[in-house]
$ cat data20.cif   # mmCIF, C-alpha atoms
data_start
#
loop_
_atom_site.label_atom_id
_atom_site.label_comp_id
_atom_site.auth_asym_id
_atom_site.auth_seq_id
_atom_site.Cartn_x
_atom_site.Cartn_y
_atom_site.Cartn_z
CA MET V 1 69.45 93.41 96.69
CA GLU V 2 69.26 96.36 94.32
CA PRO V 3 72.56 97.50 92.72
CA VAL V 4 73.60 101.10 93.49
CA GLY V 5 75.34 101.34 90.13
CA ILE V 6 76.58 99.61 86.98
CA VAL V 7 80.13 99.48 85.61
CA ARG V 8 81.05 100.39 82.04
CA SER V 9 84.56 99.18 81.27
CA CYS V 10 87.10 98.57 78.50
CA TRP V 11 86.73 94.81 78.99
CA PRO V 12 83.49 93.42 77.48
CA ASP V 13 84.45 89.79 78.08
CA ARG V 14 85.54 88.30 81.39
CA TRP V 15 88.07 86.01 79.81
CA GLY V 16 91.43 87.78 79.70
CA ILE V 17 90.82 90.42 82.39
CA PRO V 18 93.84 90.68 84.73
CA ARG V 19 92.91 88.76 87.83
CA GLN V 20 93.70 91.53 90.30
CA PRO V 21 93.25 95.30 90.23
CA GLY V 22 96.20 97.53 89.35
CA LEU V 23 97.91 95.31 86.76
CA ALA V 24 96.61 97.40 83.83
CA PRO V 25 96.94 101.08 84.78
CA SER V 26 95.63 102.31 81.39
CA ALA V 27 92.37 100.40 81.71
CA TRP V 28 89.32 102.63 82.21
CA ALA V 29 85.95 102.12 83.83
CA GLU V 30 82.95 104.26 84.74
CA LEU V 31 80.60 103.60 87.62
CA HIS V 32 77.13 104.90 86.68
CA LEU V 33 74.91 105.53 89.72
CA ALA V 34 71.51 103.83 89.69
CA PRO V 35 68.54 106.21 89.30
CA HIS V 36 67.33 105.73 92.90
CA VAL V 37 70.67 106.76 94.46
CA PRO V 38 70.94 110.46 95.43
CA THR V 39 74.29 112.13 94.64
CA GLU V 40 74.53 113.27 98.28
CA ALA V 41 75.50 109.63 99.01
CA LEU V 42 78.85 110.54 97.36
CA ARG V 43 79.52 113.66 99.47
CA GLY V 44 83.17 113.69 100.56
CA ILE V 45 84.19 110.74 98.37
CA GLU V 46 86.68 112.89 96.42
CA GLY V 47 88.86 112.91 99.58
CA TYR V 48 89.75 109.27 98.92
CA SER V 49 92.06 107.97 96.20
CA HIS V 50 90.83 104.37 96.35
CA LEU V 51 87.48 102.67 96.84
CA TRP V 52 86.32 99.16 97.69
CA LEU V 53 83.54 98.03 95.40
CA THR V 54 81.29 95.17 96.44
CA ILE V 55 80.14 93.67 93.15
CA GLN V 56 78.09 90.84 91.70
CA PHE V 57 79.93 88.28 89.59
CA HIS V 58 77.03 88.49 87.14
CA ALA V 59 78.72 86.44 84.39
CA VAL V 60 79.55 83.50 86.70
CA THR V 61 76.90 80.82 86.80
CA HIS V 62 78.13 78.25 89.29
CA THR V 63 79.95 77.84 92.59
CA ARG V 64 83.03 75.72 93.20
CA TRP V 65 84.29 74.88 96.69
CA THR V 66 87.87 74.44 95.41
CA GLY V 67 89.81 75.79 92.46
CA ARG V 68 93.20 75.84 90.75
CA PRO V 69 94.77 79.28 91.03
CA PRO V 70 97.19 80.19 88.20
CA ARG V 71 100.19 80.36 90.57
CA LEU V 72 99.93 76.78 91.74
CA GLU V 73 99.99 75.07 88.33
CA GLY V 74 97.34 72.50 89.08
CA ASP V 75 97.17 72.33 92.87
CA ARG V 76 93.72 72.89 94.33
CA VAL V 77 92.94 75.33 97.15
CA GLY V 78 89.64 76.13 98.83
CA VAL V 79 87.48 78.92 97.44
CA PHE V 80 87.95 80.81 100.74
CA ALA V 81 91.75 80.69 100.29
CA SER V 82 91.45 82.19 96.80
CA ARG V 83 89.85 85.07 94.92
CA SER V 84 88.13 82.77 92.45
CA PRO V 85 84.91 84.31 91.05
CA HIS V 86 83.08 80.99 91.56
CA ARG V 87 82.01 81.96 95.08
CA PRO V 88 79.04 80.64 97.06
CA SER V 89 77.87 84.23 97.63
CA GLY V 90 78.39 85.38 94.05
CA ILE V 91 79.84 88.55 95.63
CA GLY V 92 83.16 90.05 94.59
CA LEU V 93 85.39 92.68 96.10
CA SER V 94 87.48 95.03 94.00
CA LEU V 95 89.87 97.79 95.02
CA VAL V 96 89.85 100.58 92.42
CA ARG V 97 91.43 103.99 92.03
CA LEU V 98 88.99 106.90 91.98
CA ALA V 99 90.24 109.11 89.13
CA SER V 100 87.48 111.73 89.22
CA VAL V 101 83.87 112.36 90.19
CA ASP V 102 81.31 113.81 87.76
CA LEU V 103 78.29 114.60 89.94
CA GLY V 104 76.34 116.13 87.04
CA ALA V 105 76.62 112.96 84.99
CA ARG V 106 76.30 110.76 88.15
CA VAL V 107 79.50 108.94 87.14
CA LEU V 108 82.66 107.93 89.03
CA HIS V 109 85.67 107.55 86.72
CA LEU V 110 87.81 104.59 87.83
CA ARG V 111 91.33 103.28 87.12
CA ASP V 112 93.47 100.33 88.27
CA HIS V 113 90.45 98.05 88.17
CA ASP V 114 89.65 94.50 87.08
CA LEU V 115 85.97 94.98 86.27
CA LEU V 116 83.91 93.40 83.52
CA ASP V 117 81.64 95.69 81.49
CA GLY V 118 78.10 95.51 82.87
CA THR V 119 79.07 94.53 86.44
CA PRO V 120 76.41 95.46 89.03
CA VAL V 121 77.83 97.33 92.04
CA LEU V 122 76.22 96.59 95.40
CA ASP V 123 78.23 98.94 97.59
CA ILE V 124 81.03 101.53 97.56
CA LYS V 125 83.30 102.07 100.57
CA PRO V 126 86.38 104.27 101.03
CA TYR V 127 89.80 102.66 101.34
CA VAL V 128 91.43 103.70 104.63
CA SER V 129 95.15 102.91 104.83
CA TRP V 130 95.61 102.64 108.57
CA CYS V 131 92.96 99.99 109.01
CA ASP V 132 92.96 98.26 105.59
CA ALA V 133 96.70 97.54 105.30
CA PRO V 134 98.11 95.44 108.15
CA VAL V 135 101.90 95.77 108.15
CA ASP V 136 102.57 92.17 109.22
CA ALA V 137 100.36 90.35 106.72
CA ARG V 138 101.38 86.98 105.22
CA SER V 139 99.97 86.36 101.74
CA GLY V 140 100.03 82.60 101.26
CA PHE V 141 100.81 81.36 97.79
CA ALA V 142 100.62 84.83 96.17
CA PRO V 143 103.30 86.83 98.00
CA ALA V 144 104.17 89.16 95.08
CA PRO V 145 102.69 90.41 91.81
CA PRO V 146 103.25 88.25 88.72
CA THR V 147 106.19 89.15 86.45
CA PRO V 148 104.85 91.01 83.37
CA ARG V 149 105.23 89.21 80.01
CA PRO V 150 106.86 90.96 77.06
CA VAL V 151 104.23 91.97 74.48
CA PHE V 152 104.77 92.67 70.78
CA PHE V 153 102.47 93.82 67.97
CA ASP V 154 102.84 92.28 64.50
CA PRO V 155 102.51 94.75 61.61
CA GLY V 156 99.24 93.05 60.66
CA ALA V 157 97.73 94.29 63.92
CA TRP V 158 98.44 97.96 63.30
CA PRO V 159 95.69 99.30 60.99
CA LEU V 160 92.83 99.28 63.49
CA LEU V 161 95.05 100.65 66.27
CA ASP V 162 96.31 103.62 64.25
CA GLY V 163 95.30 106.71 66.23
CA ARG V 164 94.08 104.57 69.16
CA GLU V 165 97.16 104.61 71.37
CA ALA V 166 95.17 104.43 74.60
CA THR V 167 93.44 101.26 73.42
CA ALA V 168 96.76 99.75 72.32
CA ARG V 169 98.16 100.42 75.80
CA ILE V 170 95.22 98.63 77.43
CA ILE V 171 95.77 95.66 75.08
CA ALA V 172 99.49 95.56 75.94
CA GLU V 173 98.82 95.71 79.71
CA THR V 174 96.07 93.08 79.48
CA LEU V 175 98.45 90.70 77.73
CA ALA V 176 101.44 91.52 79.98
CA ALA V 177 99.37 90.13 82.88
CA ASP V 178 99.20 86.83 80.92
CA PRO V 179 95.59 85.85 80.27
CA ARG V 180 96.53 82.16 80.11
CA GLN V 181 95.77 81.90 83.85
CA GLY V 182 97.89 78.88 84.63
CA ARG V 183 97.26 77.08 81.33
CA PRO V 184 100.84 77.18 80.03
CA GLY V 185 100.04 74.85 77.13
CA TRP V 186 97.96 77.44 75.28
CA LYS V 187 99.67 78.82 72.16
CA GLN V 188 96.81 80.87 70.68
CA MET V 189 94.14 82.97 72.36
CA ARG V 190 91.75 85.85 71.84
CA VAL V 191 90.94 88.67 74.23
CA ARG V 192 88.47 91.53 73.86
CA VAL V 193 89.25 95.17 74.62
CA GLU V 194 86.57 97.80 73.99
CA ASP V 195 85.06 97.02 70.55
CA LEU V 196 88.04 94.96 69.39
CA ASP V 197 88.82 91.26 69.19
CA VAL V 198 92.55 90.72 69.65
CA HIS V 199 94.21 87.58 68.23
CA VAL V 200 97.33 86.56 70.15
CA ARG V 201 100.02 83.90 69.81
CA VAL V 202 102.55 82.80 72.42
CA ASP V 203 106.19 83.04 71.34
CA GLY V 204 108.42 81.78 74.15
CA GLU V 205 108.05 84.20 77.06
CA ALA V 206 106.37 86.80 74.88
CA LEU V 207 102.77 87.34 73.77
CA VAL V 208 102.43 88.58 70.21
CA VAL V 209 99.38 90.42 68.83
CA GLU V 210 98.88 88.94 65.36
CA ASN V 211 95.69 90.64 64.34
CA VAL V 212 93.04 93.04 65.65
CA VAL V 213 89.53 92.99 64.23
CA VAL V 214 86.26 94.68 65.17
CA TRP V 215 84.16 92.39 67.34
CA GLN V 216 81.25 90.98 65.33
CA GLY V 217 79.38 89.11 68.05
CA PRO V 218 76.56 90.34 70.27
CA ARG V 219 77.23 93.33 72.53
CA MET L 1 71.87 84.55 99.84
CA GLU L 2 72.77 81.83 102.32
CA PRO L 3 75.48 82.67 104.91
CA VAL L 4 78.57 80.45 104.81
CA GLY L 5 79.06 80.95 108.54
CA ILE L 6 78.09 82.77 111.73
CA VAL L 7 80.32 84.80 114.06
CA ARG L 8 80.52 84.26 117.80
CA SER L 9 82.25 87.21 119.44
CA CYS L 10 83.03 88.91 122.76
CA TRP L 11 80.69 91.78 121.82
CA PRO L 12 76.99 90.85 122.19
CA ASP L 13 75.77 94.40 121.54
CA ARG L 14 76.66 96.56 118.56
CA TRP L 15 76.81 99.73 120.60
CA GLY L 16 80.35 100.26 121.84
CA ILE L 17 82.21 98.04 119.36
CA PRO L 18 85.32 99.83 118.02
CA ARG L 19 84.39 101.13 114.61
CA GLN L 20 87.33 99.61 112.75
CA PRO L 21 89.17 96.29 113.04
CA GLY L 22 92.45 96.14 114.95
CA LEU L 23 91.71 98.66 117.71
CA ALA L 24 91.08 95.94 120.33
CA PRO L 25 93.76 93.26 119.87
CA SER L 26 92.53 91.16 122.82
CA ALA L 27 89.03 90.83 121.40
CA TRP L 28 88.16 87.31 120.25
CA ALA L 29 85.77 85.91 117.69
CA GLU L 30 84.99 82.53 116.17
CA LEU L 31 83.66 81.96 112.67
CA HIS L 32 81.52 78.79 112.68
CA LEU L 33 81.07 77.29 109.23
CA ALA L 34 77.49 76.65 108.10
CA PRO L 35 76.52 72.96 107.82
CA HIS L 36 76.36 73.00 104.00
CA VAL L 37 79.96 74.26 103.60
CA PRO L 38 82.62 71.54 103.11
CA THR L 39 85.88 72.09 105.00
CA GLU L 40 87.79 71.65 101.72
CA ALA L 41 86.61 75.20 100.95
CA LEU L 42 89.21 76.28 103.57
CA ARG L 43 92.15 74.36 102.06
CA GLY L 44 95.24 76.59 102.08
CA ILE L 45 93.66 79.35 104.17
CA GLU L 46 96.25 78.88 106.95
CA GLY L 47 98.82 80.45 104.60
CA TYR L 48 97.17 83.84 105.12
CA SER L 49 97.39 85.98 108.26
CA HIS L 50 94.39 88.17 107.42
CA LEU L 51 91.00 87.63 105.80
CA TRP L 52 88.31 89.87 104.32
CA LEU L 53 84.89 88.92 105.59
CA THR L 54 81.81 90.02 103.66
CA ILE L 55 79.11 90.24 106.32
CA GLN L 56 75.47 91.18 106.83
CA PHE L 57 74.77 94.11 109.15
CA HIS L 58 71.99 92.02 110.64
CA ALA L 59 71.27 94.39 113.55
CA VAL L 60 70.84 97.46 111.32
CA THR L 61 67.29 98.08 110.20
CA HIS L 62 67.45 101.12 107.94
CA THR L 63 69.55 102.83 105.28
CA ARG L 64 70.84 106.39 105.39
CA TRP L 65 72.30 108.13 102.35
CA THR L 66 74.39 110.44 104.56
CA GLY L 67 75.79 110.21 108.07
CA ARG L 68 77.89 111.99 110.69
CA PRO L 69 81.17 110.15 111.20
CA PRO L 70 82.75 110.56 114.69
CA ARG L 71 85.79 112.39 113.31
CA LEU L 72 83.83 115.25 111.77
CA GLU L 73 81.91 116.32 114.89
CA GLY L 74 78.59 116.93 113.16
CA ASP L 75 79.47 117.34 109.48
CA ARG L 76 77.62 115.00 107.14
CA VAL L 77 79.25 112.87 104.47
CA GLY L 78 77.71 110.47 101.98
CA VAL L 79 77.30 106.83 102.96
CA PHE L 80 79.72 105.88 100.13
CA ALA L 81 82.40 108.16 101.66
CA SER L 82 82.05 106.43 105.04
CA ARG L 83 81.97 103.01 106.65
CA SER L 84 78.60 103.61 108.27
CA PRO L 85 76.66 100.35 108.82
CA HIS L 86 73.47 102.01 107.48
CA ARG L 87 74.25 100.96 103.90
CA PRO L 88 71.80 100.48 101.05
CA SER L 89 73.18 96.97 100.49
CA GLY L 90 73.22 95.99 104.18
CA ILE L 91 76.61 94.43 103.39
CA GLY L 92 79.70 95.07 105.48
CA LEU L 93 83.36 94.39 104.95
CA SER L 94 85.72 93.50 107.78
CA LEU L 95 89.43 92.78 107.77
CA VAL L 96 90.30 90.27 110.50
CA ARG L 97 93.38 88.41 111.66
CA LEU L 98 93.23 84.62 111.26
CA ALA L 99 94.64 83.29 114.56
CA SER L 100 94.10 79.57 113.93
CA VAL L 101 92.02 77.05 112.01
CA ASP L 102 90.21 74.16 113.73
CA LEU L 103 89.02 71.96 110.85
CA GLY L 104 87.57 69.31 113.18
CA ALA L 105 85.35 71.85 114.93
CA ARG L 106 84.74 73.71 111.62
CA VAL L 107 85.82 76.96 113.32
CA LEU L 108 88.16 79.79 112.35
CA HIS L 109 89.56 81.65 115.38
CA LEU L 110 89.78 85.39 114.66
CA ARG L 111 91.47 88.44 116.22
CA ASP L 112 91.69 92.17 115.50
CA HIS L 113 88.05 92.24 114.48
CA ASP L 114 85.04 94.54 114.93
CA LEU L 115 82.30 91.91 114.69
CA LEU L 116 79.04 91.71 116.57
CA ASP L 117 78.07 88.34 118.05
CA GLY L 118 75.66 86.57 115.69
CA THR L 119 76.87 88.26 112.49
CA PRO L 120 76.13 86.21 109.34
CA VAL L 121 79.18 85.82 107.07
CA LEU L 122 78.49 85.80 103.31
CA ASP L 123 82.03 85.30 102.06
CA ILE L 124 85.66 84.83 103.14
CA LYS L 125 88.56 86.03 101.00
CA PRO L 126 92.31 86.10 101.65
CA TYR L 127 94.06 89.42 102.21
CA VAL L 128 96.86 89.84 99.65
CA SER L 129 99.28 92.69 100.46
CA TRP L 130 100.53 93.52 97.00
CA CYS L 131 97.09 94.16 95.55
CA ASP L 132 95.12 95.23 98.66
CA ALA L 133 97.45 97.96 99.94
CA PRO L 134 98.11 100.75 97.42
CA VAL L 135 101.18 102.72 98.54
CA ASP L 136 99.89 106.09 97.35
CA ALA L 137 96.43 106.04 98.93
CA ARG L 138 94.80 109.20 100.34
CA SER L 139 92.36 108.54 103.18
CA GLY L 140 90.06 111.58 103.30
CA PHE L 141 88.91 112.66 106.72
CA ALA L 142 90.33 109.59 108.52
CA PRO L 143 94.07 109.72 107.75
CA ALA L 144 95.25 108.08 111.01
CA PRO L 145 93.93 105.89 113.82
CA PRO L 146 92.19 107.64 116.73
CA THR L 147 94.30 108.41 119.81
CA PRO L 148 93.49 105.86 122.54
CA ARG L 149 91.78 107.17 125.69
CA PRO L 150 93.20 106.43 129.14
CA VAL L 151 91.05 103.81 130.92
CA PHE L 152 90.80 103.19 134.68
CA PHE L 153 88.92 100.64 136.80
CA ASP L 154 87.29 101.76 140.08
CA PRO L 155 87.64 99.25 142.95
CA GLY L 156 83.88 98.65 142.75
CA ALA L 157 84.42 97.09 139.31
CA TRP L 158 86.92 94.48 140.46
CA PRO L 159 84.96 91.58 141.99
CA LEU L 160 83.50 90.17 138.77
CA LEU L 161 86.78 90.65 136.88
CA ASP L 162 88.89 88.77 139.44
CA GLY L 163 90.50 85.90 137.55
CA ARG L 164 89.18 87.19 134.22
CA GLU L 165 92.16 89.20 133.03
CA ALA L 166 91.49 88.49 129.34
CA THR L 167 87.98 89.91 129.67
CA ALA L 168 89.29 92.97 131.56
CA ARG L 169 91.74 93.61 128.71
CA ILE L 170 88.93 93.48 126.13
CA ILE L 171 86.95 95.97 128.25
CA ALA L 172 89.97 98.30 128.51
CA GLU L 173 90.62 98.16 124.74
CA THR L 174 86.94 98.65 123.91
CA LEU L 175 86.84 101.80 126.05
CA ALA L 176 90.24 103.09 124.84
CA ALA L 177 88.68 103.29 121.34
CA ASP L 178 86.07 105.67 122.85
CA PRO L 179 82.56 104.28 122.32
CA ARG L 180 81.09 107.80 122.42
CA GLN L 181 81.45 107.94 118.60
CA GLY L 182 81.51 111.70 118.21
CA ARG L 183 79.01 112.45 120.99
CA PRO L 184 81.41 114.31 123.30
CA GLY L 185 78.59 115.46 125.62
CA TRP L 186 78.03 111.97 127.02
CA LYS L 187 79.24 111.52 130.62
CA GLN L 188 77.85 108.06 131.38
CA MET L 189 77.53 104.97 129.21
CA ARG L 190 77.25 101.19 129.27
CA VAL L 191 78.95 98.70 127.02
CA ARG L 192 78.64 94.91 126.90
CA VAL L 193 81.58 92.53 126.74
CA GLU L 194 80.91 88.77 126.81
CA ASP L 195 78.32 88.17 129.57
CA LEU L 196 79.05 91.45 131.35
CA ASP L 197 77.41 94.87 131.43
CA VAL L 198 80.08 97.53 132.02
CA HIS L 199 79.09 100.89 133.57
CA VAL L 200 81.41 103.72 132.56
CA ARG L 201 81.81 107.39 133.42
CA VAL L 202 83.82 110.01 131.56
CA ASP L 203 86.41 111.84 133.67
CA GLY L 204 88.17 114.45 131.52
CA GLU L 205 90.14 112.58 128.86
CA ALA L 206 89.75 109.27 130.69
CA LEU L 207 87.03 106.62 130.75
CA VAL L 208 86.48 105.06 134.18
CA VAL L 209 84.85 101.67 134.77
CA GLU L 210 82.60 102.22 137.79
CA ASN L 211 80.88 98.88 137.99
CA VAL L 212 80.66 95.54 136.21
CA VAL L 213 77.55 93.38 136.52
CA VAL L 214 76.33 90.21 134.84
CA TRP L 215 74.02 91.07 131.95
CA GLN L 216 70.42 90.28 132.87
CA GLY L 217 68.68 90.94 129.56
CA PRO L 218 67.92 88.52 126.74
CA ARG L 219 70.82 86.75 125.07
#
$ encode --input "data20.cif" --output "structure tokens"
Amino acid sequence: MEPVGIVRSCWPDRWGIPRQPGLAPSAWAELHLAPHVPTEALRGIEGYSHLWLTIQFHAVTHTRWTGRPPRLEGDRVGVFASRSPHRPSGIGLSLVRLASVDLGARVLHLRDHDLLDGTPVLDIKPYVSWCDAPVDARSGFAPAPPTPRPVFFDPGAWPLLDGREATARIIAETLAADPRQGRPGWKQMRVRVEDLDVHVRVDGEALVVENVVVWQGPR
Amino acid sequence: MEPVGIVRSCWPDRWGIPRQPGLAPSAWAELHLAPHVPTEALRGIEGYSHLWLTIQFHAVTHTRWTGRPPRLEGDRVGVFASRSPHRPSGIGLSLVRLASVDLGARVLHLRDHDLLDGTPVLDIKPYVSWCDAPVDARSGFAPAPPTPRPVFFDPGAWPLLDGREATARIIAETLAADPRQGRPGWKQMRVRVEDLDVHVRVDGEALVVENVVVWQGPR
């Protein structure tokens, strides 16, 4: 199955990405159409504020039939009762906001996403409120969004973020969604945003950015 | 990509199926798990009222980059601005109601669906209100559900439906969603529901069931 596009996003590493769309409103992504896709396939798409993307979990290498979602603190549920990326199909589903369409550049600018840089997109469908949002839905063990964590920046983290307020906002929103993912014992972690490697410590309820360095590993 | 299950449904023919889930609440479907899928993959799924199914449009043989949705009466939009089944990926997305789970039989009983009998299911994901239903969404050219058509049954259609009230309700709901799909010139049509072939005529705003016979073609 040939992808119809590839995602470029502010998150170059899957670890640390908020686990649902919409938790980091400053995060950016671009969907670049594949060369074989004509732009007429997008005609009328600007009438929709949100899109469903069918994606490949290209960085996930194995399937698990059960998993431990962050909310349940150790309890296992089936893969079909969760949004775990370790799916038998390898196919993901992501609701994103369509910010703007650049037909000349063959790019859709996206917001409110949870997409890893380099993600292949298999399909794009419009979000339609009256059939996609049942009013009487019950949402199992995840009935409400997680409470955001307080986030602070140590003075040592400032130099590289000077003049990069948008990037600092993405870092703050990424951490507010708590990248620990149900591993409450973790006291130190690193997350990547754009070209930066962000060193974080846990201080009670808060996450504190201790240092920000330019990522030195492979792109 | 190996399906994780197959759908059995009241609609054995894709022509005539309501084009979005939820328009025919009496319609039934069963999702039969594939032999290689352990039932533990369903653990916790009963906590959710609705599921996203990632499906194969197995009865669709070609892709179209643009199409004419029923609402627009002839205007073309891009495939990515529509829910047309003629998608480059061949992958569909369907929101269904989970009525009950029969672990012993390895079957999920579904409602409020739009699924063709025999549809391969690639993935099952829970519907989660707080991240799947953005409150500020704009829905392009399909901002509201279609107005249901009045449906009547001629006396000639009664004999086979005697004692089959559930089937008659599915027929009525299928026709109320107007299977003409933007072809207002049509005055006669046939739709299939379960083992029946339903002969219909258009009478002004109404759809009238003239005759119901047992389907004689291949299953």
$ atom_distance --input "data20.cif" --atom1 "CA of Ile6 in chain V" --atom2 "CA of Val121 in chain V"
5.7 Å
$ resolve_selection --input "data20.cif" --expression "the PyMOL selection byres ((chain V) within 8 of (chain L))" --output "PyMOL selection string"
chain V and resi 1-4+20-22+38+40-50+65-66+77-83+87-89+91+95+122-133+137-145
$ resolve_selection --input "data20.cif" --expression "the PyMOL selection byres ((chain L and resi 33) around 8)" --output "list in words"
Val4, Gly5, Ile6, Leu31, His32, Ala34, Pro35, Val37, Arg106 and Val107 of chain L
$ resolve_selection --input "data20.cif" --expression "the PyMOL selection byres ((chain V and resi 150) around 9)" --output "PyMOL selection string"
chain V and resi 148-149+151-152+172+175-176+205-208
$ atom_distance --input "data20.cif" --atom1 "CA of Ile171 in chain V" --atom2 "CA of Arg201 in chain V"
13.6 Å
$ closest_residue --input "data20.cif" --among "L:Ala168, L:Val202, L:Val193, L:Val212" --to "Cys10 in chain L" --atoms "all atoms listed in the file"
L:Val193
